[in-house]
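Quick look at target39.cif (mmCIF, C-alpha atoms):
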```cif
data_model
loop_
_atom_site.label_atom_id
_atom_site.label_comp_id
_atom_site.auth_asym_id
_atom_site.auth_seq_id
_atom_site.Cartn_x
_atom_site.Cartn_y
_atom_site.Cartn_z
CA MET A 1 300.85 142.04 160.10
CA GLN A 2 298.03 139.59 160.73
CA THR A 3 300.03 137.53 163.24
CA LYS A 4 300.87 140.67 165.24
CA ILE A 5 297.31 141.89 165.58
CA GLY A 6 295.79 138.46 166.17
CA LYS A 7 293.07 136.46 164.45
CA TYR A 8 290.42 135.88 167.11
CA ARG A 9 287.84 137.74 165.03
CA TRP A 10 288.05 134.87 162.54
CA THR A 11 287.15 132.44 165.32
CA ILE A 12 283.96 134.45 165.72
CA CYS A 13 283.44 134.36 161.95
CA SER A 14 283.84 130.57 162.06
CA LEU A 15 281.12 130.30 164.70
CA VAL A 16 278.77 132.43 162.57
CA PHE A 17 279.66 130.26 159.54
CA PHE A 18 278.77 127.15 161.54
CA ALA A 19 275.42 128.62 162.60
CA THR A 20 274.58 129.63 159.03
CA THR A 21 275.46 126.14 157.81
CA VAL A 22 273.09 124.63 160.38
CA ASN A 23 270.43 127.19 159.45
CA TYR A 24 270.43 126.17 155.79
CA LEU A 25 270.88 122.51 156.59
CA ASP A 26 267.67 122.53 158.63
CA ARG A 27 265.59 124.52 156.12
CA ASN A 28 266.76 122.56 153.06
CA VAL A 29 266.24 118.99 154.30
CA ILE A 30 262.62 118.91 153.16
CA SER A 31 263.42 119.58 149.49
CA TYR A 32 265.23 116.22 149.23
CA LEU A 33 262.50 114.38 151.12
CA LYS A 34 259.70 115.53 148.78
CA PRO A 35 259.45 112.19 146.91
CA TYR A 36 259.52 110.26 150.21
CA LEU A 37 256.74 112.43 151.63
CA ALA A 38 254.70 112.01 148.44
CA GLU A 39 254.89 108.24 148.91
CA ALA A 40 254.25 108.34 152.66
CA PHE A 41 251.21 110.61 152.38
CA HIS A 42 249.93 109.20 149.05
CA TRP A 43 249.99 112.54 147.25
CA THR A 44 248.57 112.69 143.75
CA PRO A 45 250.61 114.72 141.17
CA GLU A 46 248.32 117.71 141.85
CA GLN A 47 248.79 117.33 145.61
CA GLU A 48 252.54 116.96 145.20
CA VAL A 49 252.67 120.40 143.55
CA ASN A 50 250.10 122.14 145.73
CA ASP A 51 250.82 120.58 149.13
CA TYR A 52 254.58 120.97 148.80
CA SER A 53 254.14 124.57 147.62
CA ASN A 54 251.83 125.31 150.56
CA ILE A 55 254.36 123.85 153.00
CA GLU A 56 257.07 126.01 151.44
CA ILE A 57 254.86 129.13 151.50
CA ALA A 58 254.11 128.51 155.19
CA PHE A 59 257.85 128.56 155.94
CA LYS A 60 258.48 131.75 153.96
CA LEU A 61 255.48 133.54 155.40
CA ALA A 62 256.62 132.65 158.92
CA TYR A 63 260.18 133.65 158.04
CA ALA A 64 259.02 137.05 156.80
CA PHE A 65 256.90 137.49 159.92
CA GLY A 66 259.83 136.43 162.11
CA MET A 67 262.02 139.05 160.46
CA PHE A 68 259.57 141.68 161.66
CA PHE A 69 260.76 140.94 165.21
CA ALA A 70 264.17 139.26 164.78
CA GLY A 71 266.29 142.34 164.13
CA GLY A 72 264.90 144.31 167.07
CA PHE A 73 265.07 141.19 169.24
CA VAL A 74 268.79 140.76 168.54
CA ASP A 75 269.51 144.48 168.86
CA LYS A 76 267.78 144.54 172.25
CA LEU A 77 269.22 141.35 173.79
CA GLY A 78 272.61 141.55 172.12
CA THR A 79 274.29 139.18 169.71
CA LYS A 80 275.28 136.50 172.22
CA ILE A 81 271.90 135.84 173.83
CA GLY A 82 269.76 136.69 170.79
CA TYR A 83 271.68 134.32 168.50
CA ALA A 84 271.63 131.53 171.10
CA ILE A 85 267.87 131.72 171.66
CA ALA A 86 267.14 131.74 167.92
CA THR A 87 269.40 128.75 167.19
CA GLY A 88 268.09 126.69 170.09
CA LEU A 89 264.49 127.23 169.05
CA TRP A 90 264.98 126.53 165.35
CA SER A 91 266.87 123.32 166.21
CA ILE A 92 263.84 122.16 168.22
CA ALA A 93 261.59 123.11 165.31
CA ALA A 94 263.74 121.14 162.86
CA ILE A 95 263.52 117.99 164.97
CA ALA A 96 259.77 118.49 165.40
CA HIS A 97 259.27 117.82 161.66
CA ALA A 98 259.77 114.13 162.45
CA LEU A 99 256.48 114.16 164.39
CA ALA A 100 254.42 115.33 161.40
CA THR A 101 251.86 112.83 160.06
CA GLY A 102 250.58 114.83 157.10
CA THR A 103 250.59 118.15 155.28
CA GLY A 104 249.02 119.99 158.22
CA GLY A 105 251.71 118.79 160.62
CA PHE A 106 254.44 119.90 158.26
CA ILE A 107 252.89 123.33 157.87
CA ILE A 108 252.90 123.78 161.66
CA ALA A 109 256.53 122.63 161.92
CA ARG A 110 257.58 124.88 159.01
CA ILE A 111 255.89 127.89 160.61
CA PHE A 112 257.82 127.34 163.84
CA LEU A 113 261.05 126.83 161.87
CA GLY A 114 260.51 129.94 159.75
CA VAL A 115 259.86 132.26 162.69
CA THR A 116 262.92 131.07 164.62
CA GLU A 117 265.34 130.81 161.67
CA ALA A 118 264.69 134.49 160.98
CA GLY A 119 267.13 135.33 163.76
CA ASN A 120 270.22 134.01 161.98
CA PHE A 121 271.13 136.77 159.56
CA PRO A 122 270.33 139.78 161.76
CA ALA A 123 272.53 138.24 164.48
CA ALA A 124 275.24 137.26 161.99
CA ILE A 125 275.46 140.73 160.42
CA LYS A 126 275.52 142.32 163.87
CA ALA A 127 278.38 140.01 164.92
CA VAL A 128 280.38 140.98 161.81
CA ALA A 129 279.72 144.69 162.45
CA GLU A 130 280.97 144.26 166.04
CA TRP A 131 284.04 142.18 165.20
CA PHE A 132 285.40 143.45 161.86
CA PRO A 133 286.65 146.77 160.45
CA GLN A 134 284.77 148.07 157.41
CA LYS A 135 287.26 146.87 154.81
CA GLU A 136 287.03 143.24 156.01
CA ARG A 137 283.26 143.03 156.47
CA ALA A 138 282.42 141.88 152.94
CA LEU A 139 285.05 139.13 153.18
CA ALA A 140 283.85 138.07 156.64
CA THR A 141 280.25 138.13 155.41
CA GLY A 142 281.24 136.10 152.38
CA VAL A 143 282.94 133.52 154.60
CA PHE A 144 280.00 133.05 156.96
CA ASN A 145 277.51 133.27 154.09
CA SER A 146 279.30 130.37 152.39
CA GLY A 147 277.69 128.31 155.13
CA THR A 148 274.50 128.51 153.08
CA ASN A 149 276.32 126.57 150.37
CA ILE A 150 277.92 124.10 152.75
CA GLY A 151 274.53 123.38 154.30
CA ALA A 152 273.08 122.95 150.82
CA ILE A 153 275.94 120.60 149.87
CA ILE A 154 275.65 118.44 152.99
CA VAL A 155 271.91 117.90 152.51
CA PRO A 156 271.97 116.03 149.15
CA LEU A 157 275.06 114.06 150.21
CA THR A 158 273.43 112.77 153.41
CA VAL A 159 269.65 113.14 153.52
CA PRO A 160 268.71 110.68 150.73
CA TYR A 161 270.94 108.01 152.31
CA ILE A 162 269.49 108.63 155.77
CA ALA A 163 265.96 108.45 154.38
CA GLU A 164 266.72 105.23 152.48
CA THR A 165 268.43 103.59 155.46
CA TRP A 166 266.48 104.75 158.53
CA GLY A 167 263.44 106.61 157.20
CA TRP A 168 262.69 110.27 156.46
CA GLN A 169 261.99 111.10 160.11
CA TRP A 170 265.61 110.50 161.09
CA ALA A 171 266.80 113.01 158.48
CA PHE A 172 265.05 115.75 160.47
CA ILE A 173 266.17 114.45 163.87
CA LEU A 174 269.87 114.08 163.06
CA THR A 175 270.25 117.38 161.22
CA GLY A 176 268.25 119.29 163.82
CA ALA A 177 270.41 118.00 166.67
CA ILE A 178 273.56 119.64 165.24
CA GLY A 179 272.32 123.04 166.41
CA PHE A 180 272.86 122.05 170.03
CA ILE A 181 276.55 121.36 169.36
CA TRP A 182 276.84 124.92 168.04
CA LEU A 183 275.14 126.30 171.15
CA ALA A 184 277.80 124.82 173.41
CA LEU A 185 280.62 126.29 171.30
CA TRP A 186 278.89 129.68 171.11
CA PHE A 187 278.70 130.10 174.88
CA ILE A 188 282.31 128.99 175.27
CA PHE A 189 283.89 131.29 172.67
CA TYR A 190 281.62 134.28 172.02
CA GLU A 191 281.59 137.66 173.71
CA VAL A 192 281.58 141.23 172.37
CA PRO A 193 285.12 142.62 171.80
CA GLN A 194 284.89 144.94 174.80
CA LYS A 195 284.41 141.93 177.12
CA GLN A 196 286.40 139.22 175.32
CA LYS A 197 289.46 138.30 177.41
CA ARG A 198 290.94 136.18 174.60
CA LEU A 199 291.23 139.28 172.36
CA SER A 200 294.56 141.10 172.21
CA ALA A 201 294.73 144.88 172.60
CA GLU A 202 296.27 145.12 169.11
CA GLU A 203 293.41 143.25 167.49
CA PHE A 204 290.86 145.27 169.44
CA GLU A 205 292.39 148.46 168.05
CA TYR A 206 292.43 146.99 164.55
CA ILE A 207 288.72 146.05 164.75
CA HIS A 208 287.88 149.62 165.74
CA SER A 209 290.35 151.27 163.37
CA ASP A 210 287.67 152.81 161.11
CA LYS A 211 285.84 154.80 163.72
CA VAL A 212 285.31 154.24 167.40
CA GLU A 213 281.65 153.45 167.83
CA GLU A 214 280.48 151.99 171.08
CA VAL A 215 278.02 149.14 170.66
CA VAL A 216 274.70 150.39 172.00
CA TYR A 217 271.93 147.90 172.74
CA GLU A 218 268.86 149.91 171.95
CA LYS A 219 266.03 149.27 169.56
CA VAL A 220 265.55 151.69 166.68
CA SER A 221 261.95 151.70 165.49
CA TRP A 222 261.09 150.30 162.08
CA ILE A 223 259.01 153.39 161.35
CA LYS A 224 262.11 155.52 161.69
CA LEU A 225 264.27 153.12 159.68
CA LEU A 226 261.71 152.93 156.87
CA SER A 227 261.96 156.69 156.43
CA PHE A 228 265.46 156.27 154.94
CA ARG A 229 266.08 155.55 151.25
CA GLN A 230 269.01 153.35 152.29
CA THR A 231 266.62 150.99 154.09
CA TRP A 232 264.40 150.70 151.01
CA ALA A 233 267.39 150.10 148.74
CA PHE A 234 268.46 147.14 150.87
CA ALA A 235 264.89 145.83 151.35
CA LEU A 236 263.96 145.94 147.66
CA GLY A 237 267.29 144.39 146.70
CA LYS A 238 266.51 141.49 149.03
CA PHE A 239 262.89 141.30 147.80
CA LEU A 240 264.05 140.67 144.24
CA THR A 241 267.06 138.41 144.80
CA ASP A 242 266.45 136.31 147.93
CA PRO A 243 263.60 134.38 146.25
CA VAL A 244 265.97 133.21 143.50
CA TRP A 245 268.23 131.45 146.01
CA TRP A 246 265.23 129.88 147.68
CA PHE A 247 263.99 128.70 144.29
CA TYR A 248 267.25 126.81 143.84
CA LEU A 249 267.08 125.41 147.38
CA PHE A 250 263.52 124.12 147.28
CA TRP A 251 263.00 123.27 143.59
CA LEU A 252 266.38 122.18 142.17
CA PRO A 253 265.86 118.50 143.14
CA ASP A 254 262.42 118.52 141.51
CA PHE A 255 263.83 120.17 138.36
CA LEU A 256 266.55 117.53 138.03
CA MET A 257 264.13 114.65 138.54
CA LYS A 258 261.44 116.00 136.21
CA GLN A 259 263.73 117.38 133.49
CA TYR A 260 266.22 114.51 133.32
CA GLY A 261 264.34 111.60 134.88
CA LEU A 262 266.80 111.18 137.76
CA SER A 263 265.95 109.04 140.78
CA LYS A 264 265.94 110.08 144.43
CA THR A 265 269.60 109.16 144.83
CA GLU A 266 270.79 110.06 141.31
CA ILE A 267 270.18 113.77 142.06
CA ILE A 268 272.78 113.70 144.85
CA TRP A 269 275.87 114.73 142.90
CA PRO A 270 274.28 117.15 140.39
CA SER A 271 272.62 118.97 143.31
CA ALA A 272 275.76 119.01 145.42
CA MET A 273 277.83 120.27 142.49
CA VAL A 274 275.63 123.36 142.10
CA TYR A 275 276.37 124.41 145.67
CA MET A 276 280.04 123.45 145.48
CA ILE A 277 280.38 125.92 142.64
CA GLY A 278 278.24 128.36 144.61
CA SER A 279 280.60 128.30 147.58
CA ILE A 280 283.35 129.81 145.43
CA GLY A 281 281.32 132.97 144.83
CA SER A 282 280.58 133.53 148.47
CA ILE A 283 284.23 134.02 149.41
CA ALA A 284 285.39 135.52 146.09
CA GLY A 285 282.48 137.94 146.30
CA GLY A 286 283.89 139.35 149.51
CA TRP A 287 287.47 139.35 148.24
CA LEU A 288 286.83 141.54 145.17
CA PRO A 289 285.49 144.66 146.95
CA MET A 290 288.13 144.30 149.67
CA ASN A 291 290.81 144.25 146.98
CA LEU A 292 289.31 147.36 145.36
CA ILE A 293 289.13 149.11 148.74
CA ASN A 294 292.80 148.27 149.33
CA LYS A 295 293.47 150.04 146.00
CA ASN A 296 291.90 153.17 147.49
CA TRP A 297 288.42 152.78 146.00
CA PRO A 298 285.67 154.19 148.23
CA ALA A 299 283.94 151.26 149.99
CA PHE A 300 280.51 152.06 148.56
CA LYS A 301 281.81 152.28 144.97
CA ALA A 302 283.76 149.05 145.39
CA ARG A 303 280.70 147.14 146.59
CA LYS A 304 278.40 148.63 143.96
CA THR A 305 280.77 147.82 141.10
CA SER A 306 281.25 144.30 142.39
CA MET A 307 277.50 143.75 142.68
CA LEU A 308 276.98 144.87 139.07
CA ILE A 309 279.53 142.30 137.90
CA TYR A 310 277.77 139.58 139.90
CA ALA A 311 274.39 140.61 138.48
CA PHE A 312 275.68 140.05 134.95
CA LEU A 313 277.09 136.63 135.93
CA VAL A 314 273.59 135.45 136.94
CA PHE A 315 272.03 136.34 133.58
CA PRO A 316 273.20 133.21 131.62
CA VAL A 317 270.94 131.01 133.80
CA LEU A 318 268.28 131.85 131.20
CA PHE A 319 270.03 129.32 128.95
CA ALA A 320 270.19 126.52 131.54
CA GLN A 321 267.66 124.29 129.81
CA TYR A 322 269.09 124.84 126.32
CA LEU A 323 272.55 123.89 127.55
CA GLY A 324 271.03 121.01 129.48
CA SER A 325 269.56 119.64 126.26
CA ILE A 326 273.16 119.19 125.09
CA ASN A 327 274.37 117.72 128.35
CA MET A 328 272.82 117.78 131.81
CA TRP A 329 276.13 118.83 133.39
CA LEU A 330 276.15 122.02 131.32
CA ALA A 331 272.86 122.97 132.98
CA VAL A 332 274.38 122.12 136.37
CA LEU A 333 277.38 124.32 135.53
CA VAL A 334 275.37 127.39 134.51
CA ILE A 335 273.02 127.06 137.51
CA GLY A 336 276.09 126.67 139.72
CA ILE A 337 277.61 129.87 138.30
CA ALA A 338 274.32 131.67 138.96
CA ALA A 339 274.30 130.32 142.51
CA SER A 340 277.92 131.43 142.94
CA ALA A 341 277.08 134.92 141.67
CA HIS A 342 274.11 135.07 144.05
CA GLN A 343 276.35 134.28 146.99
CA ALA A 344 278.82 136.95 145.92
CA TRP A 345 275.93 139.42 145.59
CA SER A 346 274.56 138.37 148.97
CA ALA A 347 277.88 138.92 150.75
CA ASN A 348 277.94 142.49 149.48
CA ILE A 349 274.30 143.47 149.88
CA PHE A 350 274.49 142.42 153.54
CA THR A 351 277.60 144.51 154.03
CA THR A 352 275.94 147.64 152.66
CA VAL A 353 273.88 147.62 155.87
CA SER A 354 276.90 147.96 158.15
CA ASP A 355 278.34 150.54 155.73
CA MET A 356 275.26 152.76 155.80
CA PHE A 357 273.88 152.27 159.33
CA PRO A 358 275.34 152.46 162.87
CA LYS A 359 275.89 149.17 164.69
CA LYS A 360 272.86 149.67 166.92
CA ALA A 361 270.57 149.45 163.85
CA THR A 362 272.28 146.80 161.71
CA ALA A 363 270.25 143.84 162.98
CA SER A 364 266.97 145.74 162.63
CA VAL A 365 267.70 146.83 159.06
CA THR A 366 268.83 143.29 158.22
CA GLY A 367 265.53 142.08 159.66
CA ILE A 368 263.59 144.46 157.42
CA GLY A 369 265.49 143.20 154.38
CA GLY A 370 264.94 139.61 155.44
CA MET A 371 261.21 140.21 155.77
CA PHE A 372 261.06 141.67 152.27
CA GLY A 373 263.13 138.73 151.00
CA GLY A 374 260.62 136.35 152.58
CA LEU A 375 257.70 138.18 150.98
CA GLY A 376 259.44 138.00 147.62
CA GLY A 377 259.98 134.29 148.21
CA ILE A 378 256.26 133.80 148.83
CA LEU A 379 255.43 135.58 145.59
CA LEU A 380 257.93 133.51 143.60
CA THR A 381 256.68 130.27 145.17
CA TRP A 382 253.13 131.23 144.18
CA LEU A 383 254.37 131.72 140.61
CA VAL A 384 256.15 128.36 140.71
CA GLN A 385 253.00 126.69 142.04
CA LYS A 386 250.84 128.16 139.27
CA ASN A 387 253.41 127.39 136.57
CA MET A 388 254.05 123.82 137.70
CA PHE A 389 250.35 123.09 138.13
CA VAL A 390 249.54 124.29 134.62
CA TYR A 391 252.58 123.07 132.73
CA TYR A 392 253.10 119.77 134.56
CA THR A 393 249.82 118.44 135.88
CA LYS A 394 247.59 119.87 133.14
CA ILE A 395 249.43 119.97 129.82
CA GLY A 396 252.57 117.98 130.66
CA GLN A 397 255.13 120.62 129.65
CA ILE A 398 257.30 120.92 132.73
CA GLN A 399 260.14 122.38 130.63
CA THR A 400 258.08 125.49 129.79
CA GLY A 401 257.20 126.03 133.45
CA TYR A 402 260.85 125.93 134.50
CA PHE A 403 261.95 128.10 131.57
CA ILE A 404 259.67 130.88 132.82
CA MET A 405 261.17 130.60 136.30
CA PHE A 406 264.76 130.71 135.01
CA CYS A 407 263.93 133.87 133.03
CA ILE A 408 262.72 135.52 136.24
CA CYS A 409 265.87 134.39 138.07
CA GLY A 410 268.19 135.72 135.36
CA ALA A 411 266.66 139.20 135.27
CA ALA A 412 266.21 139.72 139.03
CA TYR A 413 269.71 140.93 139.93
CA LEU A 414 270.14 143.56 137.23
CA THR A 415 266.69 144.89 138.10
CA ALA A 416 267.63 145.00 141.79
CA TRP A 417 270.94 146.76 141.09
CA LEU A 418 269.22 149.47 139.04
CA ILE A 419 266.62 150.09 141.77
CA MET A 420 269.28 150.24 144.48
CA HIS A 421 271.39 152.63 142.39
CA PHE A 422 268.40 154.89 141.81
CA LEU A 423 267.57 155.02 145.53
CA VAL A 424 271.15 155.45 146.79
CA PRO A 425 273.35 156.74 143.94
CA LYS A 426 276.04 157.95 146.37
CA MET A 427 277.23 156.83 149.77
CA LYS A 428 275.52 158.61 152.63
CA GLN A 429 275.69 157.13 156.11
CA VAL A 430 272.51 157.31 158.13
CA ASP A 431 272.63 159.40 161.29
CA ILE A 432 270.26 157.98 163.92
#
```

Let me see whether you can do it: turn the structure in this file into structure tokens.
Amino acid sequence: MQTKIGKYRWTICSLVFFATTVNYLDRNVISYLKPYLAEAFHWTPEQEVNDYSNIEIAFKLAYAFGMFFAGGFVDKLGTKIGYAIATGLWSIAAIAHALATGTGGFIIARIFLGVTEAGNFPAAIKAVAEWFPQKERALATGVFNSGTNIGAIIVPLTVPYIAETWGWQWAFILTGAIGFIWLALWFIFYEVPQKQKRLSAEEFEYIHSDKVEEVVYEKVSWIKLLSFRQTWAFALGKFLTDPVWWFYLFWLPDFLMKQYGLSKTEIIWPSAMVYMIGSIGSIAGGWLPMNLINKNWPAFKARKTSMLIYAFLVFPVLFAQYLGSINMWLAVLVIGIAASAHQAWSANIFTTVSDMFPKKATASVTGIGGMFGGLGGILLTWLVQKNMFVYYTKIGQIQTGYFIMFCICGAAYLTAWLIMHFLVPKMKQVDI
């Protein structure tokens, strides 16, 4: 069946996967350079907590602000041009980190990176909505979203070695340059299905087998979108769960070094292992609802049931430190399972947008959710900053500070699921 209808849509999915990998590669580099920056800029322990937190908050604030415009920007210009502009600009921003000479310089570079990286997910979700039928969207989203794990795996395996060999500046330059390779491939292979000459007629019909909906490039106002309960369900779900993933991205290396006394290079494999486990959930998370849909479950029920399962799988992260007291790799395992469950959750929460909204609004609604996720990330970073400052620099109990954060992480998904269920108990597609 698949060979008859063609597989070009998966070429598009591969391009979106590549872009998402680059996106997370660029944003995550700094978390593994934290000890190098502390040495280079002579940070005291208090400055290491506060300055690094401020740099991270600057990125998230800019990311949230960028989401305010990113969805409408992509909806207006279209996926091809909108995605290309965003990727080109964030690649420049990533390289610009190498020019920073202190905390202020990094804050400026992170602001530029945050604003421009905001374009990735609105463009990615729009591409999936354009190129995949409803039943395959969660799987396609899971595949491209696994790029967040691959980017997070590549960073610990390469960045410490680059920093040790050539200096921390080259870590930013080399990773940032990869975005320009993607740009060339994007312009060669991407076009909307209606204009793509490489696409067979059979595959075109398959992509549009749910319901023929012409892609319309018009901006739907946020004021109108915020009047729908479906928008708030997605936004609040992102507000509560996005910050957890960012906590792992930006603070996992610090946790491993502080909790277990690991060196800059000893954290490489424990960190990478968390995201290797996480990559399983991204694809499996898309497979489960697709399998349920193929068994004649309604799409909305299949996604909602799957997301509840994933929410329960995150909960054991509360016991990460207890298990880690037995063996560090048990902590790595349970954090990895939580990361895997997050990726499975993420693949499905993104797909609820294309389920509930027409294609012309998917990027804008994704942008709203991304903005709320960024705001939630700022709040969680502020909590981390206060916890780490008190429990590490003041009373020397870093374990207590991280235990509080893991409790927040473990409870976030069940809370989000309940709120989303309350707001949208039954499937109702928005008519705009």

* To do: Enter the distance from atom CA of Ala163 of chain A to atom CA of Ile178 of chain A, in Å, rounded to one decimal.
  => 17.3 Å

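Between atom CA of Ile335 of chain A and atom CA of Lys301 of chain A the separation is 27.7 Å.
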
Using all atoms listed in the file, which residues sit within 12 Å of Ile12 of chain A once same-chain residues fewer than 2 positions away are excluded, as a PDB file with C-alpha atoms, in the coordinates of the input?
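Okay, result-v1.pdb is ready:
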```
ATOM      1  CA  LYS A   7     293.070 136.460 164.450  1.00  0.00           C
ATOM      2  CA  TYR A   8     290.420 135.880 167.110  1.00  0.00           C
ATOM      3  CA  ARG A   9     287.840 137.740 165.030  1.00  0.00           C
ATOM      4  CA  TRP A  10     288.050 134.870 162.540  1.00  0.00           C
ATOM      5  CA  SER A  14     283.840 130.570 162.060  1.00  0.00           C
ATOM      6  CA  LEU A  15     281.120 130.300 164.700  1.00  0.00           C
ATOM      7  CA  VAL A  16     278.770 132.430 162.570  1.00  0.00           C
ATOM      8  CA  PHE A  17     279.660 130.260 159.540  1.00  0.00           C
ATOM      9  CA  PHE A  18     278.770 127.150 161.540  1.00  0.00           C
ATOM     10  CA  ALA A  19     275.420 128.620 162.600  1.00  0.00           C
ATOM     11  CA  THR A  79     274.290 139.180 169.710  1.00  0.00           C
ATOM     12  CA  LYS A  80     275.280 136.500 172.220  1.00  0.00           C
ATOM     13  CA  ALA A 124     275.240 137.260 161.990  1.00  0.00           C
ATOM     14  CA  ILE A 125     275.460 140.730 160.420  1.00  0.00           C
ATOM     15  CA  LYS A 126     275.520 142.320 163.870  1.00  0.00           C
ATOM     16  CA  ALA A 127     278.380 140.010 164.920  1.00  0.00           C
ATOM     17  CA  VAL A 128     280.380 140.980 161.810  1.00  0.00           C
ATOM     18  CA  ALA A 129     279.720 144.690 162.450  1.00  0.00           C
ATOM     19  CA  GLU A 130     280.970 144.260 166.040  1.00  0.00           C
ATOM     20  CA  TRP A 131     284.040 142.180 165.200  1.00  0.00           C
ATOM     21  CA  PHE A 132     285.400 143.450 161.860  1.00  0.00           C
ATOM     22  CA  ALA A 140     283.850 138.070 156.640  1.00  0.00           C
ATOM     23  CA  THR A 141     280.250 138.130 155.410  1.00  0.00           C
ATOM     24  CA  VAL A 143     282.940 133.520 154.600  1.00  0.00           C
ATOM     25  CA  PHE A 144     280.000 133.050 156.960  1.00  0.00           C
ATOM     26  CA  LEU A 185     280.620 126.290 171.300  1.00  0.00           C
ATOM     27  CA  TRP A 186     278.890 129.680 171.110  1.00  0.00           C
ATOM     28  CA  PHE A 187     278.700 130.100 174.880  1.00  0.00           C
ATOM     29  CA  ILE A 188     282.310 128.990 175.270  1.00  0.00           C
ATOM     30  CA  PHE A 189     283.890 131.290 172.670  1.00  0.00           C
ATOM     31  CA  TYR A 190     281.620 134.280 172.020  1.00  0.00           C
ATOM     32  CA  GLU A 191     281.590 137.660 173.710  1.00  0.00           C
ATOM     33  CA  VAL A 192     281.580 141.230 172.370  1.00  0.00           C
ATOM     34  CA  PRO A 193     285.120 142.620 171.800  1.00  0.00           C
ATOM     35  CA  GLN A 196     286.400 139.220 175.320  1.00  0.00           C
ATOM     36  CA  ARG A 198     290.940 136.180 174.600  1.00  0.00           C
ATOM     37  CA  LEU A 199     291.230 139.280 172.360  1.00  0.00           C
TER      38      LEU A 199
END
```

* **Test item: residues at most 12 Å from Leu292 of chain A, all atoms listed in the file, excluding those fewer than 6 positions along its chain, as a list in words** => Lys135, Glu136, Ala138, Gly285, Gly286, Pro298, Ala299, Phe300, Lys301, Ala302, Arg303, Lys304, Thr305 and Ser306 of chain A

* Which residue out of A:Gly324, A:Gly278, A:Gly167, A:Gly71 has the minimum interatomic distance to Val220 of chain A when all atoms listed in the file are used? -> A:Gly71

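Residues matching the PyMOL selection byres ((chain A and resi 66) around 10) in this structure come to A:Lys60, A:Leu61, A:Ala62, A:Tyr63, A:Ala64, A:Phe65, A:Met67, A:Phe68, A:Phe69, A:Ala70, A:Gly71, A:Ile111, A:Phe112, A:Leu113, A:Gly114, A:Val115, A:Thr116, A:Glu117, A:Ala118, A:Gly119, A:Gly367, A:Gly370, A:Met371, A:Gly374.
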
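Distances from A:Leu183, A:Ala363, A:Leu380, A:Met273 to Gly72 of chain A were compared using all atoms listed in the file, and the smallest one belongs to A:Ala363.
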
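Closest to Trp382 of chain A among A:Glu164, A:Glu203, A:Glu56, A:Glu266 is A:Glu56, based on only C-alpha atoms.
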
* To do: Take the PyMOL selection byres ((chain A and resi 232) around 12), apply it to the structure above, and return the hits as a PyMOL selection string.
  => chain A and resi 222-231+233-239+353+365-366+368-372+416+419-424

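Note that the spacing between atom CA of Val155 of chain A and atom CA of His42 of chain A amounts to 23.9 Å.
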
* To do: Enumerate, as a PyMOL selection string, the protein, DNA and RNA residues whose atoms approach (273.2, 137.4, 137.1) to within 9 Å, taking into account all atoms listed in the file and the coordinate frame of the file.
  => chain A and resi 308-317+337-339+341-342+409-414

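With distances restricted to only C-alpha atoms, A:Ile55 is the closest residue to Gly104 of chain A from A:Ile55, A:Val74, A:Cys407, A:Ala284.
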
* **Residue nearest Phe357 of chain A among A:Thr44, A:Gln429, A:Asn50, A:Thr101 (counting all atoms listed in the file)** => A:Gln429

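Shortest atom-to-atom contact with Glu39 of chain A among A:Thr148, A:Trp168, A:Ser346, A:Phe319: A:Trp168, counting only C-alpha atoms.
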
* Just the residues within 8 Å of Ala94 of chain A, please, counting only C-alpha atoms, with nothing from its chain fewer than 4 positions along; format it as a PyMOL selection string. => chain A and resi 26-27+90+109+113+172-173+175-176

Evaluate the PyMOL selection byres ((chain A and resi 54) around 9) and report residues as a PDB file with C-alpha atoms, keeping the file's coordinate frame:
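Resulting contents of selection_5.pdb:
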```pdb
ATOM      1  CA  VAL A  49     252.670 120.400 143.550  1.00  0.00           C
ATOM      2  CA  ASN A  50     250.100 122.140 145.730  1.00  0.00           C
ATOM      3  CA  ASP A  51     250.820 120.580 149.130  1.00  0.00           C
ATOM      4  CA  TYR A  52     254.580 120.970 148.800  1.00  0.00           C
ATOM      5  CA  SER A  53     254.140 124.570 147.620  1.00  0.00           C
ATOM      6  CA  ILE A  55     254.360 123.850 153.000  1.00  0.00           C
ATOM      7  CA  GLU A  56     257.070 126.010 151.440  1.00  0.00           C
ATOM      8  CA  ILE A  57     254.860 129.130 151.500  1.00  0.00           C
ATOM      9  CA  ALA A  58     254.110 128.510 155.190  1.00  0.00           C
ATOM     10  CA  PHE A  59     257.850 128.560 155.940  1.00  0.00           C
ATOM     11  CA  THR A 103     250.590 118.150 155.280  1.00  0.00           C
ATOM     12  CA  ILE A 107     252.890 123.330 157.870  1.00  0.00           C
ATOM     13  CA  THR A 381     256.680 130.270 145.170  1.00  0.00           C
ATOM     14  CA  TRP A 382     253.130 131.230 144.180  1.00  0.00           C
ATOM     15  CA  GLN A 385     253.000 126.690 142.040  1.00  0.00           C
TER      16      GLN A 385
END
```
